[in-house]
Amino acid sequence: MNGKKFYITTAIVYTSKVPHIGNTYEAVLADAIARFRRAQGFDVYFLTGTDEHGQKIQDQAKAEGQTPQAHVDAVAGEIRRIWDFMNVSYDQFIRTTNSSHMEIVQKIFKKLYDQGDIYQGSYEGYYCKPCESFFTETQLKDGCCPDCGAKVERASEEAYFFKMSKYAPALEQYILDNPDFIQPESRKNEMLNNFIRPGLQDLCVSRTSFDWGIPVSFDSKHVIYVWIDALSNYITALGYDPDGNSGELFNKYWPANVHLIGKDILRFHTIYWPIMLMALGVELPKQVFGHPWMLFGEDKMSKSKGNVVYAEQVVKLFGVDATRYYMLREMPFASDGSFTYEQIMTRYNGDLANILGNLVSRTHAMTLKYFDSIVPAPGEGAPLDDELRAVAEKALADAVEDMKTLHVADAIDDIWTLLRRTNKYIDETTPWTLAKSEDSRPRLATVIYNLIESIRFAAALLAPFLPDTAARIRAQYNLPEAGIETLAWGALEAGTTLGTAETLFARIDEKALAEQVAAVHAAENEKKEPEKKAPETEKPEGVAMIDIADFAKVSLRVAKILACEPVPKAKKLLKLTLDDGEVGRTIVSGIAPWYKPEDLIGHSVIIVANLKPAVLRGVESQGMLLAADAGDNDVRVIFADGIPAGSSIH
RNA sequence: CGCGGAGUAGAGCAGUUGGUAGCUCGUCGGGCUCAUAACCCGGAGGUCAGAGGUUCAAGUCCUCUCUCCGCAACCA
């Protein structure tokens with residue numbers, strides 16, 4: 001123990017659905033970092049958990065015919081089971097429905113209110129249930145939620161707001177003074193330029209539209225909205241107390257060394273969360289790392305695309321450690337990675353079976369054959385031995401260095417450099433030749449000793465990433481558990497007897513795998529189908545009936561496109577000059593991704609002639625043209641060629 | 001000109017302060033037999049997106065252009 005503490009957290013998982021492999025990745029990544037720090041002698045505290053409040057959960061529980069509590073108990077249990085299953089070594093699994101968490105959050109809210117950082121106001125706009133977000137009229141997409149496409153409702157509610165702008169200058173200063181605070185670096189400018197510098201909006205921190213949440217202690221109509229509730233978990237878990245009686249854990253571990261989160265919620269963690277802490281007078285976390293996403297092939301995983309992969313499906317085929325290995329080794333540091341079965345197959349056979357597994361196996365076999373499974377004492381060293389030792393020590397140093405900056409994939413690569421070099425060492429020293437003559441016995445002993453020593457090094461370095469595999473290697477070689485900080489070449493004890501040989505990773509046949517993949521997916525999908533359906537069907541897709549009088553209010557008319565040009569500084573907009581049979585008009589339409597100006601000029605279209613004009617990107621649009629949403633990002637303009645301009649439509 | 005990132009062998013990526021372009025996979029050829037048809041060596045394959053500039057020297061610095069991505073804006 002070197003007396004240094006290390007507090008790491010993951011984002012808490014929303015308990016609306018079972019996490020897919022991309023979500024699981026975050027937990028495994030945090031686990032690898034936590035284990036590595038522990039092996040280095042840090043006093044580590046690793047927090048993960050679930051975010052269990054909100055309207056979406058309330059609605060979903062209702063749809064399932066159970067209480068919200070029963071719903072979140074089930075999902076949280078499932079998430080925790082997966083984490084355990086993946087060998088995630090968290091110290092605490094916090095749930096935002098824990099009474100201790102809820103009490104502290106109420107106190108935090110009250111304190112912020114009492115000191116004037118939170119005030120009462122009202123919120124007006126369009127509300128999207130699934131996203132639990134308000135949108136202004138201009139944010140809507142075809143009258144629907146711009147994020148998820150669901151129908152929105154006009155709503156207004158009394159709400160509490162957090163005065164964000166007050167702390168913006170201090171936050172900007174903190175970000176500039178602490179260059180490592182936001183990682184990867186590219187995100188830092190994004191936050192500063194897009195949000196902080198243009199001016200922060202006050203944040204709405206309460207809701208009255210649902211009640212599955214933590215009540216505001218002094219105003220029971222209100223429930224504390226996600227930000228204060230969820231983000232606070234990082235300190236409530238440690239027993240923070242706004243009244244100044246924080247617990248031992250808090251005093252010991254806060255501030256967090258790393259908040260590991262998905263890149264999508266970086267904004268909340270690098271702006272709202274630090275500001276909350278400043279308001280509370282609490283020290284800010286040292287680093288927020290927004291890790292990239294794991295995509296399926298080229299696509300983002302999503303249920304609607306039907307390409308969701310669950311960690312357990314992969315584990316069924318490759319095992320826990322191979323799945324961990326793949327996630328940790330294949331994901332780049334700053335850009336999105338992709339999951340494909342071909343890739344994991346290549347990694348499995350190439351890295352795990354051939355390079356690692358085979359090395360462990362052949363060395364074990366030689367020790368058995370030449371020394372009756374007893375670790376021989378080394379003799380005099382040769383240049384080749386020194387070289388191997390140097391590579392081992394460099395792998396250790398490099399891995400430590402890479403892990404400092406959370407370059408996990410690179411750290412793993414460092415270990416494989418050692419493994420490759422060790423395989424090469426066997427070819428260079430040819431133990432089977434040495435074994436032929438009694439004269440070269442001492443040399444053979446040295447070679448075997450060095451091989452086992454190299455494997456011992458690798459096993460120690462591997463342990464944070466592949467804990468189970470490392471343990472199996474130690475068992476086969478009868479090695480004690482070793483830390484990383486204390487790892488020293490030559491500390492391997494001679495004279496001990498090896499354990500039983502065991503295949504670490506059996507090679508997988510490509511064809512057989514393809515069949516298994518299909519089988520696992522079929523089974524999973526069948527199992528998941530019924531429960532998956534329930535929450536999705538709750539959204540009514542229909543539009544209310546209107547009578548003929550309503551329709552008569554809409555003036556539809558044919559117009560001919562005379563000219564068309566892109567709107568400057570707008571990606572999606574085209575400016576159309578139309579002959580509508582009268583004075584002519586200009587319409588701006590968001591069809592640039594699908595149509596070029598020359599595709600449209602000369603054609604006739606149907607327009608809504610009496611729509612209130614609006615200014616889009618500085619250009620006034622006097623109406624809209626009709627286009628069909630042909631699904632899956634395909635928009636088609638409805639042409640009315642041949643019909644005279646100005647004809648009205650009923 | 002809204003902010004930022006990226007364009008390097010068939011694929012996926014490294015290339016720190018400018019000094020012979022590298023790694024893994026794949027491919028072709030060879031070696032070895034301790035081992036999981038594994039392991040080791042070698043070859044082929046790159047005008048480092050394009051154009052200009054600074055320099056004795058540019059993947060690396062400067063300017064411009066093109067393409068892709070993230071965020072923001074935007075879809076009457």
# chains A, B, ... in the order shown; residues from 1 in each chain; ligands from 1
>>> select_by_dssp(residues="range 334-454 of chain A", states="helix (DSSP H, G or I)", output="PyMOL selection string")
chain A and resi 341-371+383-404+408-429+431-434+438-454
>>> residues_around(residues="range 5-9 of chain B", least_positions_apart="4", cutoff="10 Å", atoms="only C-alpha atoms (C1' of nucleotides)", output="MDAnalysis selection string")
(chainID A and resid 185:187 334:335) or (chainID B and resid 13:15 21 45:46 48:49 59 67:70)
>>> residues_around(residues="Met624 in chain A", least_positions_apart="6", cutoff="12 Å", atoms="only C-alpha atoms (C1' of nucleotides)", output="PDB file with N, CA, C and O atoms (P, O5', C5', C4', C3', O3' and C1' of nucleotides), in the first residue's frame")
ATOM      1  N   ASP A 142     -40.775  17.890 -37.362  1.00  0.00           N
ATOM      2  CA  ASP A 142     -42.091  17.513 -37.871  1.00  0.00           C
ATOM      3  C   ASP A 142     -43.099  17.450 -36.743  1.00  0.00           C
ATOM      4  O   ASP A 142     -43.934  16.545 -36.686  1.00  0.00           O
ATOM      5  N   VAL A 554     -56.738  24.649 -44.186  1.00  0.00           N
ATOM      6  CA  VAL A 554     -55.450  24.518 -44.843  1.00  0.00           C
ATOM      7  C   VAL A 554     -55.606  24.817 -46.327  1.00  0.00           C
ATOM      8  O   VAL A 554     -56.405  24.191 -47.009  1.00  0.00           O
ATOM      9  N   SER A 555     -54.850  25.764 -46.792  1.00  0.00           N
ATOM     10  CA  SER A 555     -54.911  26.084 -48.203  1.00  0.00           C
ATOM     11  C   SER A 555     -53.751  25.426 -48.937  1.00  0.00           C
ATOM     12  O   SER A 555     -52.595  25.802 -48.775  1.00  0.00           O
ATOM     13  N   LEU A 556     -54.093  24.399 -49.717  1.00  0.00           N
ATOM     14  CA  LEU A 556     -53.074  23.694 -50.480  1.00  0.00           C
ATOM     15  C   LEU A 556     -53.130  24.170 -51.921  1.00  0.00           C
ATOM     16  O   LEU A 556     -54.209  24.398 -52.467  1.00  0.00           O
ATOM     17  N   ARG A 557     -51.988  24.276 -52.520  1.00  0.00           N
ATOM     18  CA  ARG A 557     -51.952  24.850 -53.850  1.00  0.00           C
ATOM     19  C   ARG A 557     -50.758  24.318 -54.634  1.00  0.00           C
ATOM     20  O   ARG A 557     -49.734  23.979 -54.047  1.00  0.00           O
ATOM     21  N   VAL A 558     -50.915  24.254 -55.937  1.00  0.00           N
ATOM     22  CA  VAL A 558     -49.804  23.815 -56.767  1.00  0.00           C
ATOM     23  C   VAL A 558     -48.931  25.021 -57.086  1.00  0.00           C
ATOM     24  O   VAL A 558     -49.439  26.108 -57.355  1.00  0.00           O
ATOM     25  N   ALA A 559     -47.627  24.825 -57.049  1.00  0.00           N
ATOM     26  CA  ALA A 559     -46.711  25.911 -57.378  1.00  0.00           C
ATOM     27  C   ALA A 559     -45.548  25.353 -58.181  1.00  0.00           C
ATOM     28  O   ALA A 559     -45.151  24.198 -58.006  1.00  0.00           O
ATOM     29  N   LEU A 574     -32.932  24.278 -48.411  1.00  0.00           N
ATOM     30  CA  LEU A 574     -32.921  24.801 -49.773  1.00  0.00           C
ATOM     31  C   LEU A 574     -33.911  25.958 -49.818  1.00  0.00           C
ATOM     32  O   LEU A 574     -34.997  25.899 -49.228  1.00  0.00           O
ATOM     33  N   LYS A 575     -33.529  27.007 -50.544  1.00  0.00           N
ATOM     34  CA  LYS A 575     -34.432  28.144 -50.705  1.00  0.00           C
ATOM     35  C   LYS A 575     -35.059  28.034 -52.098  1.00  0.00           C
ATOM     36  O   LYS A 575     -34.362  27.973 -53.100  1.00  0.00           O
ATOM     37  N   LEU A 576     -36.405  27.990 -52.128  1.00  0.00           N
ATOM     38  CA  LEU A 576     -37.111  27.801 -53.382  1.00  0.00           C
ATOM     39  C   LEU A 576     -37.879  29.070 -53.745  1.00  0.00           C
ATOM     40  O   LEU A 576     -38.561  29.650 -52.900  1.00  0.00           O
ATOM     41  N   THR A 577     -37.742  29.472 -55.003  1.00  0.00           N
ATOM     42  CA  THR A 577     -38.546  30.595 -55.485  1.00  0.00           C
ATOM     43  C   THR A 577     -39.651  29.999 -56.348  1.00  0.00           C
ATOM     44  O   THR A 577     -39.376  29.229 -57.270  1.00  0.00           O
ATOM     45  N   LEU A 578     -40.909  30.334 -55.986  1.00  0.00           N
ATOM     46  CA  LEU A 578     -42.036  29.634 -56.593  1.00  0.00           C
ATOM     47  C   LEU A 578     -43.005  30.553 -57.322  1.00  0.00           C
ATOM     48  O   LEU A 578     -43.228  31.702 -56.919  1.00  0.00           O
ATOM     49  N   ARG A 585     -43.678  33.428 -54.381  1.00  0.00           N
ATOM     50  CA  ARG A 585     -43.249  33.405 -52.990  1.00  0.00           C
ATOM     51  C   ARG A 585     -41.953  32.613 -52.827  1.00  0.00           C
ATOM     52  O   ARG A 585     -41.509  31.917 -53.728  1.00  0.00           O
ATOM     53  N   THR A 586     -41.386  32.753 -51.636  1.00  0.00           N
ATOM     54  CA  THR A 586     -40.157  32.040 -51.310  1.00  0.00           C
ATOM     55  C   THR A 586     -40.452  31.057 -50.191  1.00  0.00           C
ATOM     56  O   THR A 586     -41.112  31.393 -49.205  1.00  0.00           O
ATOM     57  N   ILE A 587     -39.978  29.848 -50.363  1.00  0.00           N
ATOM     58  CA  ILE A 587     -40.147  28.843 -49.318  1.00  0.00           C
ATOM     59  C   ILE A 587     -38.798  28.223 -49.012  1.00  0.00           C
ATOM     60  O   ILE A 587     -38.000  27.976 -49.913  1.00  0.00           O
ATOM     61  N   VAL A 588     -38.557  28.026 -47.736  1.00  0.00           N
ATOM     62  CA  VAL A 588     -37.330  27.337 -47.324  1.00  0.00           C
ATOM     63  C   VAL A 588     -37.730  25.948 -46.854  1.00  0.00           C
ATOM     64  O   VAL A 588     -38.666  25.792 -46.076  1.00  0.00           O
ATOM     65  N   SER A 589     -37.031  24.948 -47.370  1.00  0.00           N
ATOM     66  CA  SER A 589     -37.398  23.576 -47.011  1.00  0.00           C
ATOM     67  C   SER A 589     -36.167  22.755 -46.635  1.00  0.00           C
ATOM     68  O   SER A 589     -35.094  22.937 -47.203  1.00  0.00           O
ATOM     69  N   GLY A 590     -36.349  21.860 -45.695  1.00  0.00           N
ATOM     70  CA  GLY A 590     -35.211  21.060 -45.209  1.00  0.00           C
ATOM     71  C   GLY A 590     -34.990  19.799 -46.003  1.00  0.00           C
ATOM     72  O   GLY A 590     -34.950  18.712 -45.451  1.00  0.00           O
ATOM     73  N   ILE A 591     -34.822  19.945 -47.298  1.00  0.00           N
ATOM     74  CA  ILE A 591     -34.695  18.746 -48.133  1.00  0.00           C
ATOM     75  C   ILE A 591     -33.344  18.644 -48.833  1.00  0.00           C
ATOM     76  O   ILE A 591     -33.140  17.796 -49.689  1.00  0.00           O
ATOM     77  N   VAL A 605     -44.823  21.489 -57.408  1.00  0.00           N
ATOM     78  CA  VAL A 605     -45.021  20.809 -56.129  1.00  0.00           C
ATOM     79  C   VAL A 605     -46.296  21.326 -55.472  1.00  0.00           C
ATOM     80  O   VAL A 605     -46.889  22.299 -55.936  1.00  0.00           O
ATOM     81  N   ILE A 606     -46.670  20.672 -54.396  1.00  0.00           N
ATOM     82  CA  ILE A 606     -47.853  21.128 -53.660  1.00  0.00           C
ATOM     83  C   ILE A 606     -47.365  21.889 -52.429  1.00  0.00           C
ATOM     84  O   ILE A 606     -46.475  21.402 -51.711  1.00  0.00           O
ATOM     85  N   ILE A 607     -47.930  23.056 -52.213  1.00  0.00           N
ATOM     86  CA  ILE A 607     -47.507  23.829 -51.050  1.00  0.00           C
ATOM     87  C   ILE A 607     -48.684  24.146 -50.146  1.00  0.00           C
ATOM     88  O   ILE A 607     -49.832  24.158 -50.568  1.00  0.00           O
ATOM     89  N   VAL A 608     -48.344  24.379 -48.878  1.00  0.00           N
ATOM     90  CA  VAL A 608     -49.334  24.898 -47.947  1.00  0.00           C
ATOM     91  C   VAL A 608     -49.204  26.416 -48.056  1.00  0.00           C
ATOM     92  O   VAL A 608     -48.166  26.980 -47.721  1.00  0.00           O
ATOM     93  N   ALA A 609     -50.258  27.027 -48.583  1.00  0.00           N
ATOM     94  CA  ALA A 609     -50.144  28.440 -48.947  1.00  0.00           C
ATOM     95  C   ALA A 609     -50.420  29.396 -47.809  1.00  0.00           C
ATOM     96  O   ALA A 609     -49.977  30.541 -47.831  1.00  0.00           O
ATOM     97  N   ASN A 610     -51.180  28.944 -46.807  1.00  0.00           N
ATOM     98  CA  ASN A 610     -51.541  29.893 -45.749  1.00  0.00           C
ATOM     99  C   ASN A 610     -50.840  29.611 -44.420  1.00  0.00           C
ATOM    100  O   ASN A 610     -51.378  29.872 -43.359  1.00  0.00           O
ATOM    101  N   LEU A 611     -49.668  29.035 -44.510  1.00  0.00           N
ATOM    102  CA  LEU A 611     -48.903  28.793 -43.285  1.00  0.00           C
ATOM    103  C   LEU A 611     -48.253  30.105 -42.854  1.00  0.00           C
ATOM    104  O   LEU A 611     -47.797  30.873 -43.696  1.00  0.00           O
ATOM    105  N   LYS A 612     -48.229  30.316 -41.549  1.00  0.00           N
ATOM    106  CA  LYS A 612     -47.622  31.526 -41.029  1.00  0.00           C
ATOM    107  C   LYS A 612     -46.147  31.565 -41.456  1.00  0.00           C
ATOM    108  O   LYS A 612     -45.446  30.577 -41.301  1.00  0.00           O
ATOM    109  N   PRO A 613     -45.679  32.673 -41.992  1.00  0.00           N
ATOM    110  CA  PRO A 613     -44.275  32.732 -42.414  1.00  0.00           C
ATOM    111  C   PRO A 613     -43.333  32.559 -41.224  1.00  0.00           C
ATOM    112  O   PRO A 613     -43.692  32.888 -40.093  1.00  0.00           O
ATOM    113  N   ALA A 614     -42.154  32.041 -41.486  1.00  0.00           N
ATOM    114  CA  ALA A 614     -41.155  31.875 -40.428  1.00  0.00           C
ATOM    115  C   ALA A 614     -39.788  32.148 -41.026  1.00  0.00           C
ATOM    116  O   ALA A 614     -39.575  31.970 -42.216  1.00  0.00           O
ATOM    117  N   LEU A 616     -36.037  31.139 -41.305  1.00  0.00           N
ATOM    118  CA  LEU A 616     -35.128  30.027 -41.077  1.00  0.00           C
ATOM    119  C   LEU A 616     -33.746  30.412 -41.558  1.00  0.00           C
ATOM    120  O   LEU A 616     -33.554  30.727 -42.727  1.00  0.00           O
ATOM    121  N   VAL A 637     -40.174  14.408 -52.179  1.00  0.00           N
ATOM    122  CA  VAL A 637     -41.066  15.527 -52.464  1.00  0.00           C
ATOM    123  C   VAL A 637     -42.206  15.008 -53.336  1.00  0.00           C
ATOM    124  O   VAL A 637     -42.018  14.147 -54.194  1.00  0.00           O
ATOM    125  N   ILE A 638     -43.414  15.511 -53.065  1.00  0.00           N
ATOM    126  CA  ILE A 638     -44.557  15.110 -53.879  1.00  0.00           C
ATOM    127  C   ILE A 638     -44.671  16.067 -55.060  1.00  0.00           C
ATOM    128  O   ILE A 638     -44.924  17.257 -54.886  1.00  0.00           O
TER     129      ILE A 638
ATOM    130  P     C B  75     -35.901  24.963 -38.317  1.00  0.00           P
ATOM    131  O5'   C B  75     -36.034  23.741 -39.311  1.00  0.00           O
ATOM    132  C5'   C B  75     -36.444  23.976 -40.665  1.00  0.00           C
ATOM    133  C4'   C B  75     -36.735  22.663 -41.334  1.00  0.00           C
ATOM    134  C3'   C B  75     -37.924  21.889 -40.749  1.00  0.00           C
ATOM    135  O3'   C B  75     -39.154  22.082 -41.447  1.00  0.00           O
ATOM    136  C1'   C B  75     -36.006  20.472 -41.072  1.00  0.00           C
ATOM    137  P     A B  76     -39.126  22.085 -43.139  1.00  0.00           P
ATOM    138  O5'   A B  76     -40.360  22.863 -43.695  1.00  0.00           O
ATOM    139  C5'   A B  76     -40.406  24.245 -43.655  1.00  0.00           C
ATOM    140  C4'   A B  76     -41.836  24.530 -43.398  1.00  0.00           C
ATOM    141  C3'   A B  76     -42.248  25.943 -43.721  1.00  0.00           C
ATOM    142  O3'   A B  76     -42.604  26.023 -45.089  1.00  0.00           O
ATOM    143  C1'   A B  76     -42.966  25.397 -41.576  1.00  0.00           C
TER     144        A B  76
END
>>> residues_around(residues="U63 in chain B", least_positions_apart="4", cutoff="12 Å", atoms="only C-alpha atoms (C1' of nucleotides)", output="ChimeraX atom specification")
/B:51-54
>>> write_last_selection(atoms="N, CA, C and O atoms (P, O5', C5', C4', C3', O3' and C1' of nucleotides)", output="PDB file, in the first residue's frame")
ATOM      1  P     A B  51      -0.345  16.858 -55.044  1.00  0.00           P
ATOM      2  O5'   A B  51      -0.622  18.428 -55.012  1.00  0.00           O
ATOM      3  C5'   A B  51      -1.238  19.063 -56.132  1.00  0.00           C
ATOM      4  C4'   A B  51      -1.348  20.549 -55.865  1.00  0.00           C
ATOM      5  C3'   A B  51      -0.067  21.231 -55.403  1.00  0.00           C
ATOM      6  O3'   A B  51       0.812  21.525 -56.461  1.00  0.00           O
ATOM      7  C1'   A B  51      -1.853  21.918 -54.040  1.00  0.00           C
ATOM      8  P     G B  52       2.386  21.681 -56.097  1.00  0.00           P
ATOM      9  O5'   G B  52       2.396  22.976 -55.188  1.00  0.00           O
ATOM     10  C5'   G B  52       2.765  24.229 -55.721  1.00  0.00           C
ATOM     11  C4'   G B  52       2.476  25.305 -54.715  1.00  0.00           C
ATOM     12  C3'   G B  52       3.613  25.626 -53.751  1.00  0.00           C
ATOM     13  O3'   G B  52       4.618  26.422 -54.346  1.00  0.00           O
ATOM     14  C1'   G B  52       1.602  25.494 -52.547  1.00  0.00           C
ATOM     15  P     G B  53       6.155  26.081 -53.942  1.00  0.00           P
ATOM     16  O5'   G B  53       6.276  26.693 -52.473  1.00  0.00           O
ATOM     17  C5'   G B  53       6.019  28.092 -52.286  1.00  0.00           C
ATOM     18  C4'   G B  53       5.912  28.392 -50.812  1.00  0.00           C
ATOM     19  C3'   G B  53       7.155  28.107 -49.975  1.00  0.00           C
ATOM     20  O3'   G B  53       8.117  29.130 -50.104  1.00  0.00           O
ATOM     21  C1'   G B  53       5.231  27.343 -48.826  1.00  0.00           C
ATOM     22  P     U B  54       9.688  28.780 -49.860  1.00  0.00           P
ATOM     23  O5'   U B  54       9.742  28.609 -48.278  1.00  0.00           O
ATOM     24  C5'   U B  54       9.556  29.737 -47.426  1.00  0.00           C
ATOM     25  C4'   U B  54       9.759  29.322 -45.983  1.00  0.00           C
ATOM     26  C3'   U B  54      11.051  28.562 -45.716  1.00  0.00           C
ATOM     27  O3'   U B  54      12.157  29.447 -45.556  1.00  0.00           O
ATOM     28  C1'   U B  54       9.248  27.439 -44.689  1.00  0.00           C
TER      29        U B  54
END
>>> select_by_dssp(residues="range 307-508 of chain A", states="strand (DSSP E or B)", output="PDB file with N, CA, C and O atoms, in the first residue's frame")
ATOM      1  N   GLY A 337     -15.451   2.517 -31.572  1.00  0.00           N
ATOM      2  CA  GLY A 337     -14.961   1.230 -32.033  1.00  0.00           C
ATOM      3  C   GLY A 337     -16.127   0.439 -32.586  1.00  0.00           C
ATOM      4  O   GLY A 337     -17.269   0.848 -32.473  1.00  0.00           O
ATOM      5  N   SER A 338     -15.829  -0.681 -33.187  1.00  0.00           N
ATOM      6  CA  SER A 338     -16.948  -1.443 -33.701  1.00  0.00           C
ATOM      7  C   SER A 338     -16.863  -2.892 -33.255  1.00  0.00           C
ATOM      8  O   SER A 338     -15.784  -3.421 -33.012  1.00  0.00           O
ATOM      9  N   PHE A 339     -18.023  -3.478 -33.106  1.00  0.00           N
ATOM     10  CA  PHE A 339     -18.080  -4.880 -32.721  1.00  0.00           C
ATOM     11  C   PHE A 339     -18.466  -5.715 -33.928  1.00  0.00           C
ATOM     12  O   PHE A 339     -19.468  -5.438 -34.573  1.00  0.00           O
ATOM     13  N   ILE A 374       9.348 -29.383 -12.309  1.00  0.00           N
ATOM     14  CA  ILE A 374       9.907 -28.597 -11.202  1.00  0.00           C
ATOM     15  C   ILE A 374      10.642 -27.384 -11.780  1.00  0.00           C
ATOM     16  O   ILE A 374      11.459 -27.526 -12.691  1.00  0.00           O
ATOM     17  N   THR A 497       6.873 -27.008  -7.723  1.00  0.00           N
ATOM     18  CA  THR A 497       6.331 -27.915  -8.718  1.00  0.00           C
ATOM     19  C   THR A 497       5.134 -27.269  -9.400  1.00  0.00           C
ATOM     20  O   THR A 497       4.305 -26.639  -8.739  1.00  0.00           O
TER      21      THR A 497
END
>>> closest_atom_pairs(of="chain A", to="chain B", cutoff="6 Å", atoms="only C-alpha atoms (C1' of nucleotides)", output="CSV")
residue,atom,partner,partner_atom,distance
A:Glu190,CA,B:G4,C1',5.9
A:Asn193,CA,B:C3,C1',5.7
A:Asn358,CA,B:U36,C1',5.7
A:Arg362,CA,B:A35,C1',4.0
A:Met366,CA,B:C34,C1',5.7
A:Lys424,CA,B:C40,C1',5.9
A:Asp427,CA,B:C40,C1',5.8
A:Gly590,CA,B:C75,C1',4.3
A:Met624,CA,B:A76,C1',5.4
>>> residues_around(residues="Pro255 in chain A", least_positions_apart="3", cutoff="7 Å", atoms="only C-alpha atoms (C1' of nucleotides)", output="number ranges by chain")
A: 283-286
>>> write_last_selection(atoms="C-alpha atoms", output="short mmCIF file (atom, residue, chain, number, x, y, z; two decimals), in the first residue's frame")
data_model
loop_
_atom_site.label_atom_id
_atom_site.label_comp_id
_atom_site.auth_asym_id
_atom_site.auth_seq_id
_atom_site.Cartn_x
_atom_site.Cartn_y
_atom_site.Cartn_z
CA GLU A 283 -14.06 20.04 -4.50
CA LEU A 284 -14.42 19.14 -8.19
CA PRO A 285 -13.53 15.74 -9.64
CA LYS A 286 -10.07 15.48 -11.13
#
>>> closest_residue(among="A:Glu565, A:Ile649, A:Phe210, A:Phe318", to="Lys553 in chain A", atoms="only C-alpha atoms")
A:Ile649
>>> atom_distance(atom1="CA of Phe639 in chain A", atom2="CA of Ile548 in chain A")
24.4 Å
>>> residues_around(residues="Leu47 in chain A", least_positions_apart="4", cutoff="6 Å", atoms="only C-alpha atoms (C1' of nucleotides)", output="PyMOL selection string")
chain A and resi 9+90-92
>>> write_last_selection(atoms="all heavy atoms", output="mmCIF file, in the first residue's frame")
data_model
loop_
_atom_site.group_PDB
_atom_site.id
_atom_site.type_symbol
_atom_site.label_atom_id
_atom_site.label_comp_id
_atom_site.auth_asym_id
_atom_site.auth_seq_id
_atom_site.Cartn_x
_atom_site.Cartn_y
_atom_site.Cartn_z
ATOM 1 N N THR A 9 -15.573 6.065 -10.818
ATOM 2 C CA THR A 9 -17.013 5.781 -10.927
ATOM 3 C C THR A 9 -17.379 5.539 -12.386
ATOM 4 O O THR A 9 -16.696 6.004 -13.286
ATOM 5 C CB THR A 9 -17.842 6.990 -10.470
ATOM 6 O OG1 THR A 9 -17.703 8.053 -11.422
ATOM 7 C CG2 THR A 9 -17.423 7.485 -9.105
ATOM 8 N N TYR A 90 -16.701 -3.890 -8.452
ATOM 9 C CA TYR A 90 -17.099 -2.644 -7.804
ATOM 10 C C TYR A 90 -17.081 -2.791 -6.289
ATOM 11 O O TYR A 90 -17.255 -3.880 -5.758
ATOM 12 C CB TYR A 90 -18.503 -2.231 -8.268
ATOM 13 C CG TYR A 90 -19.540 -3.313 -8.112
ATOM 14 C CD1 TYR A 90 -20.166 -3.532 -6.887
ATOM 15 C CD2 TYR A 90 -19.871 -4.143 -9.185
ATOM 16 C CE1 TYR A 90 -21.097 -4.535 -6.733
ATOM 17 C CE2 TYR A 90 -20.805 -5.154 -9.041
ATOM 18 C CZ TYR A 90 -21.415 -5.351 -7.808
ATOM 19 O OH TYR A 90 -22.331 -6.362 -7.660
ATOM 20 N N ASP A 91 -16.856 -1.677 -5.608
ATOM 21 C CA ASP A 91 -16.890 -1.690 -4.145
ATOM 22 C C ASP A 91 -18.280 -1.375 -3.637
ATOM 23 O O ASP A 91 -18.646 -1.743 -2.536
ATOM 24 C CB ASP A 91 -15.905 -0.661 -3.590
ATOM 25 C CG ASP A 91 -14.468 -1.085 -3.857
ATOM 26 O OD1 ASP A 91 -14.042 -2.081 -3.263
ATOM 27 O OD2 ASP A 91 -13.808 -0.451 -4.691
ATOM 28 N N GLN A 92 -19.016 -0.626 -4.467
ATOM 29 C CA GLN A 92 -20.394 -0.339 -4.074
ATOM 30 C C GLN A 92 -21.256 -0.239 -5.324
ATOM 31 O O GLN A 92 -20.836 0.278 -6.340
ATOM 32 C CB GLN A 92 -20.466 1.000 -3.311
ATOM 33 C CG GLN A 92 -21.860 1.258 -2.754
ATOM 34 C CD GLN A 92 -22.023 2.626 -2.093
ATOM 35 O OE1 GLN A 92 -23.123 3.151 -2.006
ATOM 36 N NE2 GLN A 92 -20.937 3.185 -1.608
#
>>> decode(residues="range 29-43 of chain B", atoms="C-alpha atoms (C1' of nucleotides)", output="PDB file, in the first residue's frame")
ATOM      1  C1'   G B  29       7.825 -17.632 -49.499  1.00  0.00           C
ATOM      2  C1'   G B  30      11.030 -20.026 -45.941  1.00  0.00           C
ATOM      3  C1'   G B  31      12.445 -22.213 -40.998  1.00  0.00           C
ATOM      4  C1'   C B  32      11.422 -25.201 -36.641  1.00  0.00           C
ATOM      5  C1'   U B  33       9.037 -29.408 -34.141  1.00  0.00           C
ATOM      6  C1'   C B  34       8.677 -27.851 -27.353  1.00  0.00           C
ATOM      7  C1'   A B  35       3.344 -26.351 -28.348  1.00  0.00           C
ATOM      8  C1'   U B  36      -3.506 -25.266 -29.215  1.00  0.00           C
ATOM      9  C1'   A B  37      -2.512 -27.102 -37.895  1.00  0.00           C
ATOM     10  C1'   A B  38       0.422 -23.495 -33.207  1.00  0.00           C
ATOM     11  C1'   C B  39       5.570 -20.656 -32.993  1.00  0.00           C
ATOM     12  C1'   C B  40       9.868 -17.986 -35.592  1.00  0.00           C
ATOM     13  C1'   C B  41      12.165 -15.516 -39.997  1.00  0.00           C
ATOM     14  C1'   G B  42      11.834 -13.106 -44.718  1.00  0.00           C
ATOM     15  C1'   G B  43       9.240 -10.844 -49.200  1.00  0.00           C
TER      16        G B  43
END
